[in-house]
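upload_21.tsv (TSV, C-alpha atoms and all ligand atoms)
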chain	number	residue	atom	x	y	z
M	504	MET	CA	12.50	-23.60	-24.24
M	505	LYS	CA	13.27	-27.22	-23.60
M	506	VAL	CA	10.26	-29.46	-22.98
M	507	ILE	CA	10.45	-32.69	-20.99
M	508	ARG	CA	7.41	-34.96	-21.44
M	509	THR	CA	6.25	-37.09	-18.59
M	510	LYS	CA	3.48	-39.68	-18.36
M	511	ASN	CA	1.53	-38.13	-15.54
M	512	TYR	CA	1.54	-35.78	-12.55
M	513	GLN	CA	3.58	-38.18	-10.39
M	514	GLU	CA	6.30	-38.54	-12.98
M	515	MET	CA	6.36	-34.78	-13.61
M	516	SER	CA	6.80	-34.20	-9.88
M	517	LYS	CA	9.55	-36.80	-9.57
M	518	MET	CA	11.48	-35.29	-12.49
M	519	ALA	CA	11.07	-31.80	-11.03
M	520	ALA	CA	12.37	-32.94	-7.64
M	521	GLU	CA	15.35	-34.62	-9.30
M	522	PHE	CA	16.03	-31.47	-11.32
M	523	ILE	CA	16.03	-29.36	-8.14
M	524	LEU	CA	18.10	-31.87	-6.15
M	525	ASN	CA	20.67	-31.88	-8.88
M	526	LYS	CA	21.12	-28.11	-8.46
M	527	ILE	CA	21.22	-28.40	-4.67
M	528	ASN	CA	23.87	-31.10	-4.80
M	529	SER	CA	26.03	-29.39	-7.38
M	530	SER	CA	26.12	-25.89	-5.82
M	531	SER	CA	27.94	-24.59	-2.79
M	532	LYS	CA	25.35	-21.78	-2.52
M	533	LEU	CA	21.95	-21.74	-4.19
M	534	THR	CA	19.06	-19.28	-4.34
M	535	LEU	CA	15.80	-20.96	-5.30
M	536	GLY	CA	12.63	-19.18	-6.37
M	537	LEU	CA	9.62	-21.16	-5.18
M	538	ALA	CA	5.99	-21.43	-6.23
M	539	THR	CA	2.84	-22.55	-4.44
M	540	GLY	CA	-0.49	-23.85	-5.80
M	541	GLY	CA	-1.58	-27.36	-6.66
M	542	THR	CA	1.12	-28.10	-9.24
M	543	PRO	CA	4.29	-28.22	-7.08
M	544	VAL	CA	2.78	-29.99	-4.04
M	545	GLN	CA	4.00	-33.43	-5.03
M	546	THR	CA	7.41	-32.05	-6.01
M	547	TYR	CA	7.80	-30.82	-2.43
M	548	HIS	CA	6.67	-34.20	-1.16
M	549	TYR	CA	9.39	-35.90	-3.19
M	550	LEU	CA	11.98	-33.43	-1.86
M	551	ALA	CA	10.80	-34.19	1.68
M	552	GLN	CA	11.00	-37.92	0.98
M	553	ASP	CA	14.52	-37.49	-0.38
M	554	TYR	CA	15.46	-35.64	2.81
M	555	ARG	CA	14.14	-38.49	4.96
M	556	GLU	CA	16.06	-41.06	2.93
M	557	HIS	CA	19.27	-39.23	2.02
M	558	GLN	CA	19.41	-36.15	4.30
M	559	THR	CA	20.26	-33.87	1.37
M	560	SER	CA	21.31	-30.67	3.12
M	561	TYR	CA	19.60	-27.30	2.53
M	562	GLN	CA	21.99	-25.33	4.77
M	563	HIS	CA	23.44	-23.57	1.72
M	564	VAL	CA	20.04	-22.88	0.12
M	565	THR	CA	18.09	-19.61	0.30
M	566	THR	CA	14.53	-19.41	-1.03
M	567	PHE	CA	12.30	-16.62	-2.28
M	568	ASN	CA	8.63	-17.36	-2.85
M	569	LEU	CA	6.83	-15.76	-5.74
M	570	ASP	CA	3.83	-14.39	-3.92
M	571	GLU	CA	1.54	-14.09	-0.92
M	572	TYR	CA	-2.05	-12.99	-0.38
M	573	ILE	CA	-2.60	-9.60	1.21
M	574	GLY	CA	-4.44	-9.78	4.52
M	575	LEU	CA	-3.74	-13.37	5.57
M	576	ALA	CA	-1.65	-14.08	8.66
M	577	LYS	CA	1.24	-16.54	8.36
M	578	SER	CA	-0.71	-18.92	10.56
M	579	ASP	CA	-3.76	-18.85	8.26
M	580	PRO	CA	-3.97	-22.28	6.57
M	581	ASN	CA	-4.65	-20.55	3.24
M	582	SER	CA	-1.58	-18.35	3.38
M	583	TYR	CA	1.42	-19.29	1.29
M	584	HIS	CA	3.58	-19.06	4.42
M	585	TYR	CA	1.52	-21.89	5.88
M	586	TYR	CA	1.60	-23.88	2.65
M	587	MET	CA	5.39	-23.66	2.37
M	588	ASP	CA	5.94	-24.62	5.96
M	589	LYS	CA	3.54	-27.54	5.75
M	590	HIS	CA	4.74	-28.99	2.45
M	591	PHE	CA	8.43	-28.18	2.46
M	592	PHE	CA	10.25	-26.01	5.00
M	593	SER	CA	9.31	-28.08	8.05
M	594	LYS	CA	10.38	-31.27	6.24
M	595	VAL	CA	13.99	-30.35	5.42
M	596	ASN	CA	16.88	-28.68	7.25
M	597	ILE	CA	16.58	-25.26	5.65
M	598	PRO	CA	17.27	-22.48	8.20
M	599	THR	CA	14.11	-20.38	8.64
M	600	ASN	CA	16.07	-17.15	8.24
M	601	GLN	CA	17.01	-18.29	4.72
M	602	THR	CA	13.39	-18.58	3.56
M	603	PHE	CA	11.68	-15.45	2.27
M	604	ILE	CA	8.02	-14.89	1.36
M	605	PRO	CA	6.39	-11.46	0.88
M	606	ASN	CA	4.60	-10.29	4.01
M	607	GLY	CA	0.95	-9.76	3.10
M	608	LEU	CA	0.33	-8.11	6.46
M	609	ALA	CA	3.05	-5.46	6.12
M	610	GLU	CA	1.89	-2.03	7.27
M	611	ASN	CA	3.54	-0.43	4.28
M	612	LEU	CA	2.92	-2.79	1.38
M	613	GLU	CA	4.76	-0.65	-1.19
M	614	MET	CA	7.83	-0.69	1.03
M	615	GLU	CA	7.49	-4.46	1.47
M	616	CYS	CA	7.61	-4.87	-2.34
M	617	TYR	CA	10.65	-2.61	-2.66
M	618	GLU	CA	12.50	-4.36	0.15
M	619	TYR	CA	11.72	-7.80	-1.29
M	620	ASP	CA	13.41	-6.86	-4.57
M	621	GLU	CA	16.37	-5.40	-2.67
M	622	LEU	CA	16.71	-8.63	-0.72
M	623	ILE	CA	16.74	-10.69	-3.93
M	624	LYS	CA	19.45	-8.38	-5.32
M	625	LYS	CA	21.47	-8.75	-2.12
M	626	HIS	CA	21.44	-12.49	-2.72
M	627	HIS	CA	22.75	-11.92	-6.26
M	628	GLY	CA	19.47	-12.90	-7.89
M	629	ILE	CA	17.65	-16.20	-8.21
M	630	ASP	CA	19.57	-19.16	-9.59
M	631	LEU	CA	16.59	-21.38	-10.32
M	632	GLN	CA	12.98	-20.19	-10.33
M	633	ILE	CA	10.20	-22.79	-10.14
M	634	LEU	CA	6.94	-21.73	-11.79
M	635	GLY	CA	3.43	-23.05	-12.29
M	636	LEU	CA	1.24	-21.89	-15.16
M	637	GLY	CA	-2.14	-20.24	-14.63
M	638	LYS	CA	-4.99	-21.13	-16.98
M	639	ASN	CA	-5.01	-17.50	-18.11
M	640	GLY	CA	-1.22	-17.52	-18.55
M	641	HIS	CA	-0.41	-15.92	-15.22
M	642	VAL	CA	2.89	-16.68	-13.51
M	643	GLY	CA	3.07	-15.89	-9.83
M	644	PHE	CA	0.10	-13.55	-9.51
M	645	ASN	CA	1.05	-11.60	-12.63
M	646	GLU	CA	-2.31	-11.43	-14.29
M	647	PRO	CA	-2.96	-10.70	-18.00
M	648	GLY	CA	-2.01	-7.12	-18.79
M	649	THR	CA	0.87	-6.91	-16.27
M	650	ALA	CA	3.80	-4.99	-17.74
M	651	PHE	CA	6.69	-7.30	-18.60
M	652	ASP	CA	9.23	-5.10	-16.82
M	653	GLN	CA	7.52	-4.92	-13.42
M	654	HIS	CA	9.25	-6.09	-10.26
M	655	THR	CA	7.58	-7.04	-6.97
M	656	HIS	CA	4.23	-5.27	-6.74
M	657	ILE	CA	0.68	-5.36	-5.45
M	658	VAL	CA	-1.97	-6.95	-7.67
M	659	GLU	CA	-5.74	-7.13	-7.81
M	660	LEU	CA	-6.57	-10.77	-8.54
M	661	THR	CA	-8.76	-11.50	-11.55
M	662	ASN	CA	-12.05	-13.35	-11.19
M	663	SER	CA	-10.56	-16.32	-13.02
M	664	THR	CA	-7.76	-16.63	-10.43
M	665	ILE	CA	-10.12	-16.09	-7.51
M	666	GLN	CA	-12.38	-18.82	-8.86
M	667	ALA	CA	-9.45	-21.18	-9.52
M	668	ASN	CA	-8.11	-20.68	-5.98
M	669	ALA	CA	-11.52	-20.90	-4.28
M	670	ARG	CA	-11.04	-24.68	-4.16
M	671	PHE	CA	-8.61	-24.18	-1.28
M	672	PHE	CA	-11.04	-22.02	0.76
M	673	ASN	CA	-14.36	-22.86	2.45
M	674	ASP	CA	-16.11	-20.10	0.59
M	675	ILE	CA	-15.16	-18.07	-2.48
M	676	ASN	CA	-15.80	-14.87	-0.51
M	677	GLN	CA	-12.88	-15.75	1.74
M	678	VAL	CA	-10.38	-15.64	-1.16
M	679	PRO	CA	-8.36	-12.43	-0.80
M	680	LYS	CA	-8.79	-9.98	-3.65
M	681	ARG	CA	-5.21	-8.72	-3.57
M	682	ALA	CA	-1.73	-10.17	-3.37
M	683	ILE	CA	1.94	-9.25	-3.47
M	684	THR	CA	3.81	-10.91	-6.30
M	685	MET	CA	7.26	-10.89	-7.77
M	686	GLY	CA	6.91	-9.24	-11.17
M	687	ILE	CA	7.64	-10.61	-14.61
M	688	GLY	CA	10.80	-8.46	-14.55
M	689	SER	CA	11.96	-10.20	-11.35
M	690	ILE	CA	11.17	-13.63	-12.79
M	691	MET	CA	12.94	-12.95	-16.09
M	692	GLU	CA	16.10	-11.95	-14.17
M	693	SER	CA	16.36	-15.49	-12.73
M	694	LYS	CA	19.29	-17.34	-14.23
M	695	GLU	CA	17.23	-20.43	-14.91
M	696	ILE	CA	13.52	-21.26	-14.92
M	697	LEU	CA	11.70	-24.56	-14.38
M	698	LEU	CA	8.04	-24.45	-15.40
M	699	LEU	CA	5.75	-27.28	-14.29
M	700	VAL	CA	2.54	-27.97	-16.20
M	701	SER	CA	0.07	-30.74	-15.46
M	702	GLY	CA	-3.46	-31.67	-16.42
M	703	THR	CA	-5.93	-31.11	-19.23
M	704	GLU	CA	-7.08	-27.81	-17.73
M	705	LYS	CA	-3.62	-26.41	-18.56
M	706	ASN	CA	-3.64	-27.76	-22.10
M	707	GLU	CA	-4.79	-24.56	-23.78
M	708	ALA	CA	-2.40	-22.40	-21.76
M	709	LEU	CA	0.58	-24.62	-22.65
M	710	ASN	CA	-0.41	-24.55	-26.31
M	711	LYS	CA	-0.57	-20.76	-26.24
M	712	LEU	CA	2.77	-20.54	-24.47
M	713	LEU	CA	4.47	-22.75	-27.06
M	714	HIS	CA	2.80	-21.45	-30.22
M	715	GLY	CA	1.24	-18.07	-29.44
M	716	GLU	CA	2.50	-14.51	-29.70
M	717	ILE	CA	4.52	-12.85	-26.96
M	718	ASP	CA	1.88	-10.64	-25.46
M	719	GLU	CA	1.30	-8.98	-22.07
M	720	GLN	CA	-2.24	-10.36	-22.20
M	721	PHE	CA	-0.65	-13.79	-21.73
M	722	PRO	CA	2.12	-13.16	-19.16
M	723	ALA	CA	3.86	-16.56	-19.46
M	724	SER	CA	4.52	-15.86	-23.17
M	725	ILE	CA	7.55	-13.75	-22.19
M	726	LEU	CA	9.32	-16.95	-21.08
M	727	ASN	CA	10.01	-17.54	-24.80
M	728	GLN	CA	12.58	-14.75	-24.49
M	729	HIS	CA	14.42	-16.28	-21.55
M	730	GLU	CA	17.49	-18.23	-22.54
M	731	ASN	CA	17.31	-21.02	-19.98
M	732	VAL	CA	13.80	-22.40	-19.49
M	733	THR	CA	12.90	-26.05	-18.98
M	734	ILE	CA	9.26	-27.10	-19.06
M	735	ILE	CA	8.29	-30.39	-17.45
M	736	ALA	CA	4.78	-31.24	-18.61
M	737	ASP	CA	2.61	-34.32	-18.39
M	738	GLU	CA	0.71	-35.99	-21.23
M	739	ASP	CA	-2.61	-34.41	-20.24
M	740	ALA	CA	-1.13	-30.94	-20.54
M	741	ILE	CA	0.66	-31.80	-23.79
M	742	ILE	CA	-2.18	-33.32	-25.86
M	743	ASN	CA	-3.01	-31.20	-28.92
M	744	THR	CA	0.09	-29.02	-28.55
M	745	ASN	CA	1.88	-30.64	-31.54
M	746	LEU	CA	4.75	-31.79	-29.33
B	801	LIG	P1	-2.03	-24.44	-9.80
B	801	LIG	O1	-1.81	-22.92	-10.12
B	801	LIG	O2	-0.65	-25.02	-9.66
B	801	LIG	O3	-2.79	-24.43	-8.50
B	801	LIG	O4	-2.77	-25.00	-10.93
B	801	LIG	C1	-0.82	-22.54	-11.02
B	801	LIG	C2	-0.86	-21.05	-11.05
B	801	LIG	O5	-1.98	-20.52	-10.94
B	801	LIG	O6	0.20	-20.44	-11.15
Full structure transcribed into structure tokens:
Amino acid sequence: MKVIRTKNYQEMSKMAAEFILNKINSSSKLTLGLATGGTPVQTYHYLAQDYREHQTSYQHVTTFNLDEYIGLAKSDPNSYHYYMDKHFFSKVNIPTNQTFIPNGLAENLEMECYEYDELIKKHHGIDLQILGLGKNGHVGFNEPGTAFDQHTHIVELTNSTIQANARFFNDINQVPKRAITMGIGSIMESKEILLLVSGTEKNEALNKLLHGEIDEQFPASILNQHENVTIIADEDAIINTNL
């Protein structure tokens, strides 16, 4: 895994946006895997700013998001549909029918998972997957103990994730307990991965990722077996990792 050090969150986000823009500009067709959460927010803002200034076109880009809560409508401000629209999709010229996010309100959730994987396959897989890193090593909503070969599936969120995500809700009891997530298997099939890590609260997780064992109890550890991973991390995340 290649690690790029940056001074702070802003610089990490700028580098990530440049990394993504480079792919967009150098491909005639591109399938991006996208993440939500606090980490990529500023990256999306830089992409939106680039669009305002340079009109970089997204007409040839298709996106697949990693995950969505079960039970939240697309219009719910805490849904990842809402997040993506607010921070990114509404700010660039990507056609709506080229943006995919699991439907957490699907009547048949198992079928939704199956069809999501089929759709990714139909698009010949993901060219570049953006990831954040959970404090407990989760990627997407793949919590510790998730089998490394799983594809899109339904998960019960752990208390640690519910607590971490409660900051976006009025009340911790409003945080959904289940989600649909692309699996580790789906993520590992991406041709390239860009992992963004920022802040002291991610320090231990980054250290474990770089120096720990590959273990299903720490889902991100499997990224060590992927041949094309770039980590962009800021100083706060890097301290004490021997980098
Ligand atoms: P965060 O979440 O970006 O909100 O810190 C990362 C993750 O949980 O995957």
Report as JSON lines the residues of segment 540-632 of chain M within 9 Å of segment 667-684 of chain M, each with its shortest atom pair and distance in Å (one decimal), using all atoms listed in the file, ordered by chain and increasing residue number.
{"residue": "M:Gly540", "atom": "CA", "partner": "M:Asn668", "partner_atom": "CA", "distance": 8.3}
{"residue": "M:Asn568", "atom": "CA", "partner": "M:Thr684", "partner_atom": "CA", "distance": 8.8}
{"residue": "M:Leu569", "atom": "CA", "partner": "M:Thr684", "partner_atom": "CA", "distance": 5.7}
{"residue": "M:Asp570", "atom": "CA", "partner": "M:Thr684", "partner_atom": "CA", "distance": 4.2}
{"residue": "M:Glu571", "atom": "CA", "partner": "M:Ile683", "partner_atom": "CA", "distance": 5.5}
{"residue": "M:Tyr572", "atom": "CA", "partner": "M:Ala682", "partner_atom": "CA", "distance": 4.1}
{"residue": "M:Ile573", "atom": "CA", "partner": "M:Ala682", "partner_atom": "CA", "distance": 4.7}
{"residue": "M:Gly574", "atom": "CA", "partner": "M:Pro679", "partner_atom": "CA", "distance": 7.1}
{"residue": "M:Leu575", "atom": "CA", "partner": "M:Pro679", "partner_atom": "CA", "distance": 7.9}
{"residue": "M:Asn581", "atom": "CA", "partner": "M:Phe672", "partner_atom": "CA", "distance": 7.0}
{"residue": "M:Pro605", "atom": "CA", "partner": "M:Ile683", "partner_atom": "CA", "distance": 6.6}
{"residue": "M:Asn606", "atom": "CA", "partner": "M:Ile683", "partner_atom": "CA", "distance": 8.0}
{"residue": "M:Gly607", "atom": "CA", "partner": "M:Ile683", "partner_atom": "CA", "distance": 6.7}
{"residue": "M:Leu612", "atom": "CA", "partner": "M:Ile683", "partner_atom": "CA", "distance": 8.1}
{"residue": "M:Glu615", "atom": "CA", "partner": "M:Ile683", "partner_atom": "CA", "distance": 8.8}
{"residue": "M:Cys616", "atom": "CA", "partner": "M:Ile683", "partner_atom": "CA", "distance": 7.3}
Any chance you can output those residues with C-alpha atoms as a short mmCIF file (atom, residue, chain, number, x, y, z; two decimals), in the coordinates of the input?
data_model
loop_
_atom_site.label_atom_id
_atom_site.label_comp_id
_atom_site.auth_asym_id
_atom_site.auth_seq_id
_atom_site.Cartn_x
_atom_site.Cartn_y
_atom_site.Cartn_z
CA GLY M 540 -0.49 -23.85 -5.80
CA ASN M 568 8.63 -17.36 -2.85
CA LEU M 569 6.83 -15.76 -5.74
CA ASP M 570 3.83 -14.39 -3.92
CA GLU M 571 1.54 -14.09 -0.92
CA TYR M 572 -2.05 -12.99 -0.38
CA ILE M 573 -2.60 -9.60 1.21
CA GLY M 574 -4.44 -9.78 4.52
CA LEU M 575 -3.74 -13.37 5.57
CA ASN M 581 -4.65 -20.55 3.24
CA PRO M 605 6.39 -11.46 0.88
CA ASN M 606 4.60 -10.29 4.01
CA GLY M 607 0.95 -9.76 3.10
CA LEU M 612 2.92 -2.79 1.38
CA GLU M 615 7.49 -4.46 1.47
CA CYS M 616 7.61 -4.87 -2.34
#
- Query: Using all atoms listed in the file, which protein or nucleic acid residues are at most 10 Å from ligand LIG 801 (chain B), as a ChimeraX atom specification?
  - Reply: /M:538-544,569,634-646,663-665,667-668,670-671,698-702,704-705,723
Dump C-alpha atoms for the selected residues as a PDB file, keeping the file's coordinate frame?
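Contents of the output file out36.pdb:
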ATOM      1  CA  ALA M 538       5.990 -21.430  -6.230  1.00  0.00           C
ATOM      2  CA  THR M 539       2.840 -22.550  -4.440  1.00  0.00           C
ATOM      3  CA  GLY M 540      -0.490 -23.850  -5.800  1.00  0.00           C
ATOM      4  CA  GLY M 541      -1.580 -27.360  -6.660  1.00  0.00           C
ATOM      5  CA  THR M 542       1.120 -28.100  -9.240  1.00  0.00           C
ATOM      6  CA  PRO M 543       4.290 -28.220  -7.080  1.00  0.00           C
ATOM      7  CA  VAL M 544       2.780 -29.990  -4.040  1.00  0.00           C
ATOM      8  CA  LEU M 569       6.830 -15.760  -5.740  1.00  0.00           C
ATOM      9  CA  LEU M 634       6.940 -21.730 -11.790  1.00  0.00           C
ATOM     10  CA  GLY M 635       3.430 -23.050 -12.290  1.00  0.00           C
ATOM     11  CA  LEU M 636       1.240 -21.890 -15.160  1.00  0.00           C
ATOM     12  CA  GLY M 637      -2.140 -20.240 -14.630  1.00  0.00           C
ATOM     13  CA  LYS M 638      -4.990 -21.130 -16.980  1.00  0.00           C
ATOM     14  CA  ASN M 639      -5.010 -17.500 -18.110  1.00  0.00           C
ATOM     15  CA  GLY M 640      -1.220 -17.520 -18.550  1.00  0.00           C
ATOM     16  CA  HIS M 641      -0.410 -15.920 -15.220  1.00  0.00           C
ATOM     17  CA  VAL M 642       2.890 -16.680 -13.510  1.00  0.00           C
ATOM     18  CA  GLY M 643       3.070 -15.890  -9.830  1.00  0.00           C
ATOM     19  CA  PHE M 644       0.100 -13.550  -9.510  1.00  0.00           C
ATOM     20  CA  ASN M 645       1.050 -11.600 -12.630  1.00  0.00           C
ATOM     21  CA  GLU M 646      -2.310 -11.430 -14.290  1.00  0.00           C
ATOM     22  CA  SER M 663     -10.560 -16.320 -13.020  1.00  0.00           C
ATOM     23  CA  THR M 664      -7.760 -16.630 -10.430  1.00  0.00           C
ATOM     24  CA  ILE M 665     -10.120 -16.090  -7.510  1.00  0.00           C
ATOM     25  CA  ALA M 667      -9.450 -21.180  -9.520  1.00  0.00           C
ATOM     26  CA  ASN M 668      -8.110 -20.680  -5.980  1.00  0.00           C
ATOM     27  CA  ARG M 670     -11.040 -24.680  -4.160  1.00  0.00           C
ATOM     28  CA  PHE M 671      -8.610 -24.180  -1.280  1.00  0.00           C
ATOM     29  CA  LEU M 698       8.040 -24.450 -15.400  1.00  0.00           C
ATOM     30  CA  LEU M 699       5.750 -27.280 -14.290  1.00  0.00           C
ATOM     31  CA  VAL M 700       2.540 -27.970 -16.200  1.00  0.00           C
ATOM     32  CA  SER M 701       0.070 -30.740 -15.460  1.00  0.00           C
ATOM     33  CA  GLY M 702      -3.460 -31.670 -16.420  1.00  0.00           C
ATOM     34  CA  GLU M 704      -7.080 -27.810 -17.730  1.00  0.00           C
ATOM     35  CA  LYS M 705      -3.620 -26.410 -18.560  1.00  0.00           C
ATOM     36  CA  ALA M 723       3.860 -16.560 -19.460  1.00  0.00           C
TER      37      ALA M 723
END
- Tell me, as a ChimeraX atom specification, which residues lie within 9 Å of Asn710 of chain M, counting all atoms listed in the file; anything in the same chain fewer than 2 positions away does not count. /M:705-708,712-715,740-745
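Counting only C-alpha atoms, the residue from M:Asp553, M:Glu514, M:Asp620, M:Glu716 that sits nearest to Val595 of chain M is M:Asp553.
One finds atom CA of His548 of chain M at 9.3 Å from atom CA of Lys517 of chain M.
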- Query: Do you have the atom CA of Tyr554 of chain M-atom CA of Leu524 of chain M distance handy?
  - Reply: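 The value is 10.1 Å.
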- Item | Among the residues M:Thr559, M:Thr602, M:Gln653, M:Thr703, the one that comes closest to Glu738 of chain M [using all atoms listed in the file] |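 For Glu738 of chain M, the nearest of the candidates is M:Thr703.
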- Using atom CA of Ile597 of chain M and atom CA of Glu730 of chain M as the two end points, give the distance in Å to one decimal. 29.1 Å
- Message: Would you pick out the contacts of segment 525-534 of chain M at 12 Å or less, using all atoms listed in the file, so that residues sharing its chain but fewer than 6 positions from it are not included, and give the list as a PyMOL selection string?
- Response: chain M and resi 518-519+550+553-554+557-568+597+601-603+622-633+693-695+697
- Query: Counting only C-alpha atoms, which of M:Val506, M:Met614, M:Ile696, M:Leu746 gets nearest to His729 of chain M?
  - Reply: M:Ile696
